[in-house]
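Peer 1: Got a file for you: model.txt, compact mmCIF, C-alpha atoms.
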```
# COMPACT_ATOMS: atom_id res chain seq x y z
CA MET A 1 156.64 80.44 132.87
CA ALA A 2 153.51 82.47 132.15
CA LYS A 3 151.64 83.83 135.14
CA VAL A 4 147.84 84.16 135.04
CA GLY A 5 145.78 85.89 137.69
CA TYR A 6 142.17 84.81 138.10
CA ILE A 7 139.20 86.46 139.78
CA GLU A 8 136.28 84.26 140.82
CA GLY A 9 134.11 87.30 141.44
CA ASP A 10 130.51 86.89 142.58
CA GLY A 11 127.49 84.64 142.07
CA ILE A 12 128.12 81.91 139.54
CA GLY A 13 131.73 83.03 139.28
CA HIS A 14 132.47 80.81 142.29
CA GLU A 15 131.32 77.84 140.18
CA ILE A 16 132.45 78.53 136.61
CA VAL A 17 135.90 79.96 137.32
CA PRO A 18 137.23 77.09 139.50
CA VAL A 19 136.26 74.44 136.92
CA THR A 20 137.89 76.54 134.19
CA ILE A 21 141.13 76.82 136.18
CA GLU A 22 141.03 73.03 136.67
CA ILE A 23 140.77 72.59 132.89
CA LEU A 24 143.60 75.04 132.23
CA SER A 25 145.82 73.36 134.82
CA LYS A 26 145.53 70.11 132.85
CA ILE A 27 145.90 71.66 129.38
CA VAL A 28 148.75 74.09 130.17
CA PRO A 29 150.39 72.73 133.35
CA GLN A 30 153.38 75.00 132.78
CA VAL A 31 151.28 78.09 133.56
CA GLU A 32 151.10 79.45 137.11
CA PHE A 33 147.60 80.46 138.29
CA ILE A 34 147.27 83.08 141.03
CA PRO A 35 143.97 83.96 142.76
CA ILE A 36 142.97 87.63 142.98
CA GLU A 37 140.12 88.73 145.24
CA ALA A 38 137.61 91.27 143.93
CA GLY A 39 133.86 91.80 143.71
CA LEU A 40 130.89 92.38 145.96
CA ASP A 41 131.64 89.33 148.11
CA TYR A 42 135.14 90.70 148.64
CA MET A 43 133.74 94.11 149.63
CA LYS A 44 131.34 92.55 152.13
CA LYS A 45 134.09 90.36 153.59
CA THR A 46 136.59 93.17 154.07
CA GLY A 47 134.21 96.03 154.84
CA ARG A 48 136.55 98.37 152.98
CA GLY A 49 133.95 99.89 150.71
CA LEU A 50 135.91 98.83 147.62
CA LEU A 51 135.10 96.19 145.01
CA ILE A 52 138.80 95.80 144.24
CA GLY A 53 141.77 96.93 146.31
CA GLU A 54 144.98 98.57 145.16
CA GLU A 55 146.96 95.44 146.02
CA ALA A 56 144.72 93.38 143.70
CA ILE A 57 145.23 95.89 140.88
CA GLU A 58 149.01 95.66 141.39
CA LEU A 59 148.85 91.86 141.39
CA ALA A 60 146.81 91.90 138.17
CA ALA A 61 149.36 94.24 136.59
CA SER A 62 152.18 91.83 137.49
CA CYS A 63 150.51 88.93 135.65
CA ASP A 64 150.85 88.09 131.96
CA ALA A 65 147.05 87.93 131.73
CA VAL A 66 143.98 87.96 133.96
CA LEU A 67 140.95 85.66 133.69
CA LYS A 68 138.02 87.45 135.30
CA GLY A 69 134.79 85.88 136.48
CA PRO A 70 131.55 87.87 136.69
CA THR A 71 131.41 90.51 139.41
CA GLU A 72 128.48 92.40 140.86
CA THR A 73 128.31 96.17 141.34
CA PRO A 74 125.73 97.60 143.75
CA PRO A 75 123.45 100.29 142.27
CA GLY A 76 123.32 103.87 143.45
CA PRO A 77 125.34 107.06 142.98
CA LYS A 78 127.58 106.36 145.98
CA SER A 79 128.53 102.81 145.04
CA PRO A 80 132.18 102.13 144.12
CA LYS A 81 133.37 101.81 140.55
CA SER A 82 132.92 98.31 139.11
CA VAL A 83 135.78 95.82 139.03
CA VAL A 84 135.85 95.60 135.26
CA VAL A 85 135.85 99.37 134.70
CA THR A 86 138.51 99.83 137.37
CA LEU A 87 140.81 97.26 135.77
CA ARG A 88 140.18 98.50 132.24
CA GLN A 89 141.19 102.01 133.24
CA ALA A 90 144.01 101.09 135.64
CA LEU A 91 145.65 98.69 133.16
CA ASP A 92 144.74 100.83 130.12
CA LEU A 93 142.88 97.97 128.42
CA TYR A 94 141.59 100.15 125.62
CA ALA A 95 140.42 97.45 123.19
CA ASN A 96 137.43 95.26 123.99
CA VAL A 97 137.24 92.42 121.46
CA ARG A 98 134.19 90.17 121.29
CA PRO A 99 133.91 87.43 118.64
CA PHE A 100 130.42 86.17 117.79
CA GLN A 101 130.19 82.99 115.72
CA TYR A 102 127.19 80.93 114.70
CA PRO A 103 127.59 78.64 111.66
CA GLY A 104 125.67 79.94 108.65
CA LYS A 105 124.31 82.94 110.51
CA MET A 106 127.01 85.13 111.99
CA ASP A 107 130.80 85.54 112.07
CA VAL A 108 131.47 88.97 113.53
CA ILE A 109 134.21 90.50 115.64
CA LEU A 110 133.05 93.53 117.61
CA VAL A 111 135.87 95.92 118.56
CA ARG A 112 134.83 98.46 121.17
CA GLU A 113 136.76 101.34 122.72
CA ASN A 114 137.08 100.41 126.37
CA THR A 115 138.22 103.36 128.49
CA GLU A 116 136.29 106.47 127.41
CA ASP A 117 132.71 107.55 126.60
CA LEU A 118 129.97 107.81 129.23
CA TYR A 119 131.45 104.74 130.93
CA LYS A 120 134.31 106.86 132.18
CA GLY A 121 131.92 107.49 135.06
CA ILE A 122 132.10 111.28 135.25
CA GLU A 123 128.66 112.06 136.69
CA TYR A 124 127.26 114.47 139.21
CA ARG A 125 123.92 115.62 140.62
CA VAL A 126 123.19 119.27 139.89
CA SER A 127 120.11 119.27 142.04
CA ARG A 128 117.62 116.80 143.44
CA ASP A 129 115.95 116.59 140.02
CA VAL A 130 118.87 116.90 137.58
CA ALA A 131 121.89 114.65 137.02
CA ILE A 132 124.61 115.14 134.41
CA GLY A 133 127.03 112.68 132.83
CA VAL A 134 130.06 113.70 130.77
CA ARG A 135 130.85 111.87 127.51
CA VAL A 136 134.59 111.81 126.90
CA ILE A 137 135.88 110.97 123.41
CA THR A 138 139.50 111.78 122.53
CA ARG A 139 141.38 111.70 119.26
CA GLU A 140 144.07 109.49 120.77
CA GLY A 141 141.55 107.06 122.23
CA SER A 142 139.72 106.86 118.92
CA ARG A 143 142.95 106.53 116.92
CA ARG A 144 144.35 103.61 118.86
CA ILE A 145 141.11 101.61 118.87
CA ALA A 146 140.74 102.20 115.13
CA GLU A 147 144.36 101.16 114.55
CA TYR A 148 143.74 98.01 116.57
CA ALA A 149 140.60 97.14 114.61
CA TYR A 150 142.12 97.69 111.17
CA LYS A 151 145.39 95.95 112.00
CA MET A 152 143.46 92.98 113.38
CA ALA A 153 141.20 92.91 110.31
CA SER A 154 144.23 92.95 108.02
CA GLN A 155 146.02 90.17 109.90
CA MET A 156 142.89 88.00 110.00
CA LYS A 157 142.07 88.62 106.32
CA ARG A 158 138.75 90.22 107.21
CA ARG A 159 137.09 92.00 104.31
CA LYS A 160 135.20 94.90 105.88
CA VAL A 161 135.07 97.22 108.89
CA THR A 162 131.81 98.93 109.82
CA ILE A 163 132.27 102.12 111.84
CA ILE A 164 129.22 102.62 114.04
CA HIS A 165 128.37 106.02 115.54
CA LYS A 166 125.61 108.64 115.80
CA ALA A 167 127.44 111.70 114.52
CA THR A 168 124.25 113.28 113.18
CA VAL A 169 123.11 113.85 116.78
CA MET A 170 126.30 113.80 118.88
CA LYS A 171 128.18 115.97 116.44
CA GLU A 172 131.27 116.67 118.53
CA THR A 173 131.88 113.38 120.35
CA CYS A 174 130.73 110.91 117.70
CA GLY A 175 131.98 113.39 115.11
CA LEU A 176 135.52 113.17 116.47
CA PHE A 177 135.34 109.37 116.69
CA ARG A 178 134.08 109.12 113.10
CA GLU A 179 136.66 111.56 111.76
CA THR A 180 139.56 109.78 113.44
CA CYS A 181 138.43 106.29 112.40
CA LEU A 182 138.12 107.39 108.77
CA GLU A 183 141.65 108.83 108.89
CA VAL A 184 142.95 105.44 110.04
CA ALA A 185 140.79 103.62 107.47
CA SER A 186 142.43 105.58 104.64
CA ARG A 187 145.70 103.76 105.41
CA TYR A 188 144.06 100.37 104.83
CA PRO A 189 142.68 100.59 101.27
CA GLU A 190 142.51 96.80 100.97
CA ILE A 191 139.77 96.73 103.63
CA LYS A 192 136.32 98.00 102.75
CA THR A 193 135.00 100.62 105.17
CA GLU A 194 131.38 101.51 105.75
CA GLU A 195 129.65 103.78 108.26
CA MET A 196 126.38 103.11 110.01
CA HIS A 197 124.31 104.86 112.66
CA VAL A 198 123.96 102.83 115.83
CA ASP A 199 120.16 102.48 115.61
CA THR A 200 120.38 101.30 112.00
CA ALA A 201 123.14 98.90 112.99
CA ALA A 202 120.95 97.38 115.70
CA MET A 203 118.22 96.73 113.15
CA ASN A 204 120.63 95.25 110.59
CA ILE A 205 122.30 92.96 113.13
CA VAL A 206 118.88 91.40 113.71
CA LEU A 207 117.73 91.34 110.08
CA ASP A 208 120.99 90.53 108.28
CA PRO A 209 123.87 89.66 110.64
CA LYS A 210 125.92 88.17 107.80
CA ARG A 211 126.46 91.64 106.32
CA PHE A 212 128.88 92.46 109.18
CA ASP A 213 132.50 91.37 109.45
CA VAL A 214 134.32 93.66 111.91
CA ILE A 215 132.36 96.25 113.90
CA LEU A 216 134.26 99.26 115.27
CA THR A 217 132.44 101.46 117.75
CA THR A 218 132.51 103.47 120.97
CA ASN A 219 132.26 102.12 124.49
CA MET A 220 128.55 102.30 125.35
CA PHE A 221 127.30 101.52 121.84
CA GLY A 222 129.60 98.49 121.76
CA ASP A 223 128.37 97.25 125.12
CA ILE A 224 124.75 97.30 123.97
CA LEU A 225 125.36 95.92 120.47
CA SER A 226 127.45 93.04 121.81
CA ASP A 227 124.54 91.76 123.89
CA LEU A 228 122.35 92.02 120.80
CA CYS A 229 124.91 89.91 118.91
CA ALA A 230 124.86 87.41 121.77
CA GLY A 231 121.12 87.06 121.25
CA ILE A 232 121.67 86.23 117.58
CA VAL A 233 124.24 83.59 118.54
CA GLY A 234 121.69 82.07 120.89
CA SER A 235 122.94 82.61 124.43
CA ILE A 236 124.92 85.23 126.29
CA GLY A 237 126.49 82.27 128.07
CA LEU A 238 128.43 81.33 124.92
CA CYS A 239 130.22 84.62 124.37
CA PRO A 240 133.79 85.46 125.45
CA SER A 241 135.44 88.85 125.65
CA ALA A 242 139.04 90.09 125.54
CA ASN A 243 140.25 93.37 127.02
CA ILE A 244 143.57 94.27 125.43
CA GLY A 245 146.11 97.00 126.08
CA ASP A 246 149.69 97.57 125.01
CA LYS A 247 151.08 95.97 128.20
CA HIS A 248 148.24 94.04 129.84
CA ALA A 249 145.27 91.82 128.94
CA MET A 250 142.15 90.56 130.71
CA PHE A 251 139.67 87.94 129.54
CA GLU A 252 136.10 87.28 130.66
CA ALA A 253 132.68 86.01 129.62
CA ILE A 254 130.24 88.80 128.79
CA HIS A 255 127.45 87.49 131.04
CA GLY A 256 126.85 88.65 134.60
CA SER A 257 126.97 86.97 138.00
CA ALA A 258 123.43 85.49 137.68
CA PRO A 259 122.58 85.53 141.40
CA ASP A 260 119.25 83.82 140.66
CA ILE A 261 121.02 80.54 139.85
CA ALA A 262 124.16 80.95 141.95
CA GLY A 263 124.90 77.94 144.11
CA LYS A 264 122.65 75.60 142.14
CA GLY A 265 125.47 74.11 140.08
CA ILE A 266 123.74 74.70 136.75
CA ALA A 267 125.63 77.73 135.40
CA ASN A 268 126.90 77.44 131.84
CA PRO A 269 130.74 77.50 131.88
CA ALA A 270 131.16 77.79 128.09
CA GLY A 271 131.60 81.57 127.98
CA ILE A 272 134.42 81.70 130.52
CA ILE A 273 136.07 78.61 129.00
CA LEU A 274 136.00 80.24 125.55
CA ALA A 275 137.44 83.38 127.16
CA ALA A 276 140.22 81.17 128.54
CA ALA A 277 140.85 79.93 124.99
CA LEU A 278 141.24 83.54 123.83
CA MET A 279 143.69 84.03 126.69
CA LEU A 280 145.74 81.02 125.62
CA ASP A 281 145.94 82.45 122.11
CA HIS A 282 147.17 85.74 123.55
CA LEU A 283 149.82 83.94 125.64
CA GLY A 284 151.08 82.00 122.61
CA TYR A 285 149.55 78.60 123.44
CA THR A 286 147.71 78.54 120.14
CA THR A 287 147.49 74.75 119.77
CA GLN A 288 145.97 74.32 123.22
CA ALA A 289 143.64 77.26 122.59
CA LYS A 290 142.33 75.67 119.41
CA LYS A 291 141.77 72.31 121.11
CA LEU A 292 139.94 73.93 124.02
CA ARG A 293 137.77 76.04 121.72
CA ASN A 294 136.92 73.09 119.48
CA ALA A 295 136.09 70.89 122.47
CA THR A 296 133.78 73.53 123.95
CA LEU A 297 131.94 74.17 120.70
CA SER A 298 131.65 70.41 120.11
CA VAL A 299 130.01 69.84 123.50
CA VAL A 300 127.61 72.72 122.87
CA ALA A 301 126.76 71.46 119.37
CA GLU A 302 126.10 67.92 120.59
CA GLY A 303 123.68 69.28 123.18
CA VAL A 304 123.97 66.25 125.48
CA LYS A 305 126.18 67.15 128.44
CA VAL A 306 125.12 70.78 128.57
CA THR A 307 123.51 72.96 131.21
CA PRO A 308 119.75 73.74 131.31
CA ASP A 309 120.07 77.08 129.47
CA LEU A 310 121.27 75.06 126.45
CA GLY A 311 118.50 72.48 126.74
CA GLY A 312 120.34 69.84 128.77
CA ASN A 313 120.36 68.70 132.37
CA ALA A 314 124.09 68.58 133.10
CA THR A 315 125.66 70.42 136.00
CA THR A 316 128.37 73.02 135.60
CA ARG A 317 131.02 70.50 136.59
CA GLN A 318 129.66 67.74 134.33
CA MET A 319 129.73 70.04 131.32
CA ALA A 320 133.24 71.24 132.18
CA GLU A 321 134.48 67.68 132.62
CA GLU A 322 133.10 66.73 129.21
CA ILE A 323 134.87 69.71 127.64
CA LEU A 324 138.13 68.69 129.34
CA ARG A 325 137.73 65.08 128.19
CA LYS A 326 137.33 66.13 124.57
CA ALA A 327 140.16 68.65 124.78
CA MET A 328 142.58 66.08 126.23
CA GLN A 329 141.68 63.61 123.48
CA GLU A 330 142.86 66.13 120.90
CA ILE A 331 146.05 67.23 122.67
```
Would you write out, as C-alpha cells, the structure that this file holds?
Peer 2:
Amino acid sequence: MAKVGYIEGDGIGHEIVPVTIEILSKIVPQVEFIPIEAGLDYMKKTGRGLLIGEEAIELAASCDAVLKGPTETPPGPKSPKSVVVTLRQALDLYANVRPFQYPGKMDVILVRENTEDLYKGIEYRVSRDVAIGVRVITREGSRRIAEYAYKMASQMKRRKVTIIHKATVMKETCGLFRETCLEVASRYPEIKTEEMHVDTAAMNIVLDPKRFDVILTTNMFGDILSDLCAGIVGSIGLCPSANIGDKHAMFEAIHGSAPDIAGKGIANPAGIILAAALMLDHLGYTTQAKKLRNATLSVVAEGVKVTPDLGGNATTRQMAEEILRKAMQEI
C-alpha cells in the first residue's frame, strides 16, 4: 500500500487540501493518507520558532510521496527557512517540474534546479547598510537537473529543450550551468537544443509561448519564469508543481496561501488537485491520474461550477465535488 503524507499548511491550505484528500480517498482508496503539520500556523501553535520540525521531515521522508498545501513564511532576516525550501533540501528534491498547458497557446514543461542558486539561503549582513547573498551553482547539481530534463524530454517525445541562463553577466555561475547543460545535451542529438538569456526568454514567453517545449533553467530564474507562464495560462490557481528527487517526491500547487481570501470558502482547488494527479502518475496510478486531470480540466473549461477567480460563484467544496463527480463517472 502506498503511503502519502499531506500538509495542509496555512491560509487557504486548510480549505483546498482537505477536499483534495477527500477526492483522493474515493479515487485511490488503497492509498494511506497521513497528516503532517508544518507552516506558520504550526509555528504559532507550538511556539518552537520552526515552520517544520525534524519529526515532520522524518515522517515526510518515510512516505512514498508528499502532497503539500501552501505555507506562509514570515519576512525578515531572522525568520526560519520556509517549509518548501527545507523539504527540498532535506529530501534532496533537486528537480522542480511545472507543466503549463493552454489549448492552442501553450504546452510547456519548465524544469528548474531546486536546491542551489541564491535560494540556498546563504546570506549575511556585512553592516547596517550592506547585505550579501551567495549564489551556489555546482557541476553536479547542474548535471543531474540537465539529465532529468533531457531524459524526460526523450521519454515524452518532446522536440526541443531551451537552456535559459545569463552567462554574459554571471560568467562563473551561469557559465558553469550553461557549460554542464550543453555537455549533457550533446548526448541527446535527437533533441534540438537552444540557449536563451533569461530576459529574452521572459519577453518570448509573452510574445510567442508556442516556441517553447521544455525549459531548463536555474532555481531563481525558474521560479520567476514559472509565474510568468502561469499568467499566460490564465491563472496561477491552475498550475501544479512536482518536486522530484532520486528517493523522494513532493507535489504542490504553485500559488501561495492567499490570506486575503482564507476562510471564505472561495479558494480555487484546481491547482492542488492537478498536483495530486501528478502525484498519482508518480505513484503508478496512471489511469486514476488521467481521469482526475481530465475531470478537473473539464470543470474549468465548462466554467459553471468554478470559483470566483475563474468567473463562477461556486465554493471550494462545490467545485471539488463537481470534479469528483466527473472523475468517478470515468473510473
Peer 1: Which residue is closest to Ala149 in chain A? Choose from A:Arg125, A:His165, A:Arg112, A:His282 and count all atoms listed in the file.
Peer 2: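 Among the listed residues, the smallest separation from Ala149 in chain A belongs to A:Arg112.
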Peer 1: Which one is closest to Thr193 in chain A: A:Ile163, A:Val126, A:Cys239, A:Val206? Count only C-alpha atoms.
Peer 2: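 Between A:Ile163, A:Val126, A:Cys239, A:Val206, the residue approaching Thr193 in chain A most closely is A:Ile163.
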Peer 1: Restricting the calculation to all atoms listed in the file: of A:Ser154, A:Thr180, A:Ser241, A:Thr286, which residue gets closest to Phe100 in chain A?
Peer 2: A:Ser241
Peer 1: Go through A:Gly245, A:Glu113, A:Arg98, A:Ala289 and flag the residue nearest Leu228 in chain A, using only C-alpha atoms for the distances.
Peer 2: A:Arg98
Peer 1: Quick one: of A:Tyr6, A:Ile36, A:Arg88, A:Gly11, who's nearest to Asp246 in chain A, counting all atoms listed in the file?
Peer 2: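 Of A:Tyr6, A:Ile36, A:Arg88, A:Gly11, the one nearest Asp246 in chain A is A:Arg88, counting all atoms listed in the file.
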Peer 1: Identify, on the basis of all atoms listed in the file, every residue whose closest approach to range 72-80 of chain A does not exceed 8 Å; exclude the query and any residue fewer than 3 positions from it along the same chain; express the result as a PyMOL selection string.
Peer 2: chain A and resi 9-11+39-40+49-51+83+256-257
Peer 1: Generate a file of the selected residues that holds C-alpha atoms, formatted as an mmCIF file, in the frame of the given file.
Peer 2:
```cif
data_model
loop_
_atom_site.group_PDB
_atom_site.id
_atom_site.type_symbol
_atom_site.label_atom_id
_atom_site.label_comp_id
_atom_site.auth_asym_id
_atom_site.auth_seq_id
_atom_site.Cartn_x
_atom_site.Cartn_y
_atom_site.Cartn_z
ATOM 1 C CA GLY A 9 134.110 87.300 141.440
ATOM 2 C CA ASP A 10 130.510 86.890 142.580
ATOM 3 C CA GLY A 11 127.490 84.640 142.070
ATOM 4 C CA GLY A 39 133.860 91.800 143.710
ATOM 5 C CA LEU A 40 130.890 92.380 145.960
ATOM 6 C CA GLY A 49 133.950 99.890 150.710
ATOM 7 C CA LEU A 50 135.910 98.830 147.620
ATOM 8 C CA LEU A 51 135.100 96.190 145.010
ATOM 9 C CA VAL A 83 135.780 95.820 139.030
ATOM 10 C CA GLY A 256 126.850 88.650 134.600
ATOM 11 C CA SER A 257 126.970 86.970 138.000
#
```
Peer 1: Which residue is closest to Ala2 in chain A? Choose from A:Met328, A:Ala131, A:Ala202, A:Met279 and count only C-alpha atoms.
Peer 2: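 Selected residue with least distance to Ala2 in chain A: A:Met279.
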Peer 1: List the neighbours of range 315-317 of chain A out to 10 Å using only C-alpha atoms; skip same-chain residues closer than 4 positions along the sequence, and give me the result as a count of residues only.
Peer 2: 20
Peer 1: What lies within 7 Å of Leu67 in chain A using only C-alpha atoms, ignoring chain neighbours under 6 positions off, as number ranges by chain?
Peer 2: A: 5-7, 250-252, 276
Peer 1: Skipping near chain neighbours, those fewer than 4 positions away, what residues fall within 12 Å of Val28 in chain A using all atoms listed in the file, listed as a ChimeraX atom specification?
Peer 2: /A:1-4,20-24,32-33,276-277,279-281,283-289,291-292,324,327-328,331
Peer 1: Kindly give the distance, in Å, that separates CA of Ser186 in chain A and CA of Met203 in chain A, rounded to a single decimal.
Peer 2: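 That distance, rounded to one decimal, is 27.1 Å.
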Peer 1: CA of Ile254 in chain A and CA of Asp92 in chain A are how many Å apart?
Peer 2: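 Between these atoms lies a distance of 18.9 Å.
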Peer 1: Tell me, as a list in words, which residues lie within 7 Å of Val184 in chain A, counting all atoms listed in the file; anything in the same chain fewer than 3 positions away does not count.
Peer 2: Arg143, Ala146, Glu147, Thr180, Cys181 and Arg187 of chain A
Peer 1: Work out how far apart CA of Ile272 in chain A and CA of Val108 in chain A are and give it in Å to one decimal.
Peer 2: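 Those two atoms sit 18.7 Å apart.
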Peer 1: Could I see range 259-284 of chain A restored to N, CA and C atoms, set down as a PDB file, in the coordinates of the input?
Peer 2:
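Heads up, here's the output in out.pdb:
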```pdb
ATOM      1  N   PRO A 259     122.846  85.942 140.012  1.00  0.00           N
ATOM      2  CA  PRO A 259     122.580  85.530 141.400  1.00  0.00           C
ATOM      3  C   PRO A 259     121.362  84.630 141.552  1.00  0.00           C
ATOM      4  N   ASP A 260     120.456  84.653 140.570  1.00  0.00           N
ATOM      5  CA  ASP A 260     119.250  83.820 140.660  1.00  0.00           C
ATOM      6  C   ASP A 260     119.551  82.332 140.571  1.00  0.00           C
ATOM      7  N   ILE A 261     120.681  81.966 139.941  1.00  0.00           N
ATOM      8  CA  ILE A 261     121.020  80.540 139.850  1.00  0.00           C
ATOM      9  C   ILE A 261     122.317  80.212 140.583  1.00  0.00           C
ATOM     10  N   ALA A 262     122.905  81.192 141.233  1.00  0.00           N
ATOM     11  CA  ALA A 262     124.160  80.950 141.950  1.00  0.00           C
ATOM     12  C   ALA A 262     123.985  79.898 143.027  1.00  0.00           C
ATOM     13  N   GLY A 263     124.933  78.990 143.105  1.00  0.00           N
ATOM     14  CA  GLY A 263     124.900  77.940 144.110  1.00  0.00           C
ATOM     15  C   GLY A 263     124.122  76.708 143.720  1.00  0.00           C
ATOM     16  N   LYS A 264     123.452  76.746 142.576  1.00  0.00           N
ATOM     17  CA  LYS A 264     122.650  75.600 142.140  1.00  0.00           C
ATOM     18  C   LYS A 264     123.445  74.610 141.287  1.00  0.00           C
ATOM     19  N   GLY A 265     124.639  75.010 140.867  1.00  0.00           N
ATOM     20  CA  GLY A 265     125.470  74.110 140.080  1.00  0.00           C
ATOM     21  C   GLY A 265     125.020  73.912 138.659  1.00  0.00           C
ATOM     22  N   ILE A 266     124.260  74.866 138.111  1.00  0.00           N
ATOM     23  CA  ILE A 266     123.740  74.700 136.750  1.00  0.00           C
ATOM     24  C   ILE A 266     124.209  75.808 135.810  1.00  0.00           C
ATOM     25  N   ALA A 267     125.158  76.627 136.243  1.00  0.00           N
ATOM     26  CA  ALA A 267     125.630  77.730 135.400  1.00  0.00           C
ATOM     27  C   ALA A 267     126.421  77.202 134.213  1.00  0.00           C
ATOM     28  N   ASN A 268     126.215  77.817 133.069  1.00  0.00           N
ATOM     29  CA  ASN A 268     126.900  77.440 131.840  1.00  0.00           C
ATOM     30  C   ASN A 268     128.345  77.956 131.880  1.00  0.00           C
ATOM     31  N   PRO A 269     129.348  77.056 131.820  1.00  0.00           N
ATOM     32  CA  PRO A 269     130.740  77.500 131.880  1.00  0.00           C
ATOM     33  C   PRO A 269     131.357  77.820 130.523  1.00  0.00           C
ATOM     34  N   ALA A 270     130.587  77.680 129.439  1.00  0.00           N
ATOM     35  CA  ALA A 270     131.160  77.790 128.090  1.00  0.00           C
ATOM     36  C   ALA A 270     131.776  79.164 127.834  1.00  0.00           C
ATOM     37  N   GLY A 271     131.100  80.233 128.262  1.00  0.00           N
ATOM     38  CA  GLY A 271     131.600  81.570 127.980  1.00  0.00           C
ATOM     39  C   GLY A 271     132.964  81.825 128.593  1.00  0.00           C
ATOM     40  N   ILE A 272     133.140  81.466 129.855  1.00  0.00           N
ATOM     41  CA  ILE A 272     134.420  81.700 130.520  1.00  0.00           C
ATOM     42  C   ILE A 272     135.494  80.745 129.987  1.00  0.00           C
ATOM     43  N   ILE A 273     135.105  79.540 129.581  1.00  0.00           N
ATOM     44  CA  ILE A 273     136.070  78.610 129.000  1.00  0.00           C
ATOM     45  C   ILE A 273     136.532  79.118 127.630  1.00  0.00           C
ATOM     46  N   LEU A 274     135.611  79.655 126.838  1.00  0.00           N
ATOM     47  CA  LEU A 274     136.000  80.240 125.550  1.00  0.00           C
ATOM     48  C   LEU A 274     136.853  81.489 125.757  1.00  0.00           C
ATOM     49  N   ALA A 275     136.583  82.239 126.827  1.00  0.00           N
ATOM     50  CA  ALA A 275     137.440  83.380 127.160  1.00  0.00           C
ATOM     51  C   ALA A 275     138.847  82.887 127.512  1.00  0.00           C
ATOM     52  N   ALA A 276     138.920  81.761 128.211  1.00  0.00           N
ATOM     53  CA  ALA A 276     140.220  81.170 128.540  1.00  0.00           C
ATOM     54  C   ALA A 276     140.965  80.753 127.270  1.00  0.00           C
ATOM     55  N   ALA A 277     140.222  80.280 126.264  1.00  0.00           N
ATOM     56  CA  ALA A 277     140.850  79.930 124.990  1.00  0.00           C
ATOM     57  C   ALA A 277     141.433  81.169 124.310  1.00  0.00           C
ATOM     58  N   LEU A 278     140.694  82.280 124.351  1.00  0.00           N
ATOM     59  CA  LEU A 278     141.240  83.540 123.830  1.00  0.00           C
ATOM     60  C   LEU A 278     142.513  83.921 124.573  1.00  0.00           C
ATOM     61  N   MET A 279     142.514  83.710 125.869  1.00  0.00           N
ATOM     62  CA  MET A 279     143.690  84.030 126.690  1.00  0.00           C
ATOM     63  C   MET A 279     144.886  83.172 126.287  1.00  0.00           C
ATOM     64  N   LEU A 280     144.649  81.894 126.040  1.00  0.00           N
ATOM     65  CA  LEU A 280     145.740  81.020 125.620  1.00  0.00           C
ATOM     66  C   LEU A 280     146.311  81.461 124.286  1.00  0.00           C
ATOM     67  N   ASP A 281     145.455  81.887 123.373  1.00  0.00           N
ATOM     68  CA  ASP A 281     145.940  82.450 122.110  1.00  0.00           C
ATOM     69  C   ASP A 281     146.855  83.635 122.376  1.00  0.00           C
ATOM     70  N   HIS A 282     146.406  84.530 123.234  1.00  0.00           N
ATOM     71  CA  HIS A 282     147.170  85.740 123.550  1.00  0.00           C
ATOM     72  C   HIS A 282     148.534  85.386 124.158  1.00  0.00           C
ATOM     73  N   LEU A 283     148.585  84.335 124.967  1.00  0.00           N
ATOM     74  CA  LEU A 283     149.820  83.940 125.640  1.00  0.00           C
ATOM     75  C   LEU A 283     150.733  83.099 124.747  1.00  0.00           C
ATOM     76  N   GLY A 284     150.264  82.760 123.547  1.00  0.00           N
ATOM     77  CA  GLY A 284     151.080  82.000 122.610  1.00  0.00           C
ATOM     78  C   GLY A 284     150.837  80.507 122.619  1.00  0.00           C
TER      79      GLY A 284
END
```
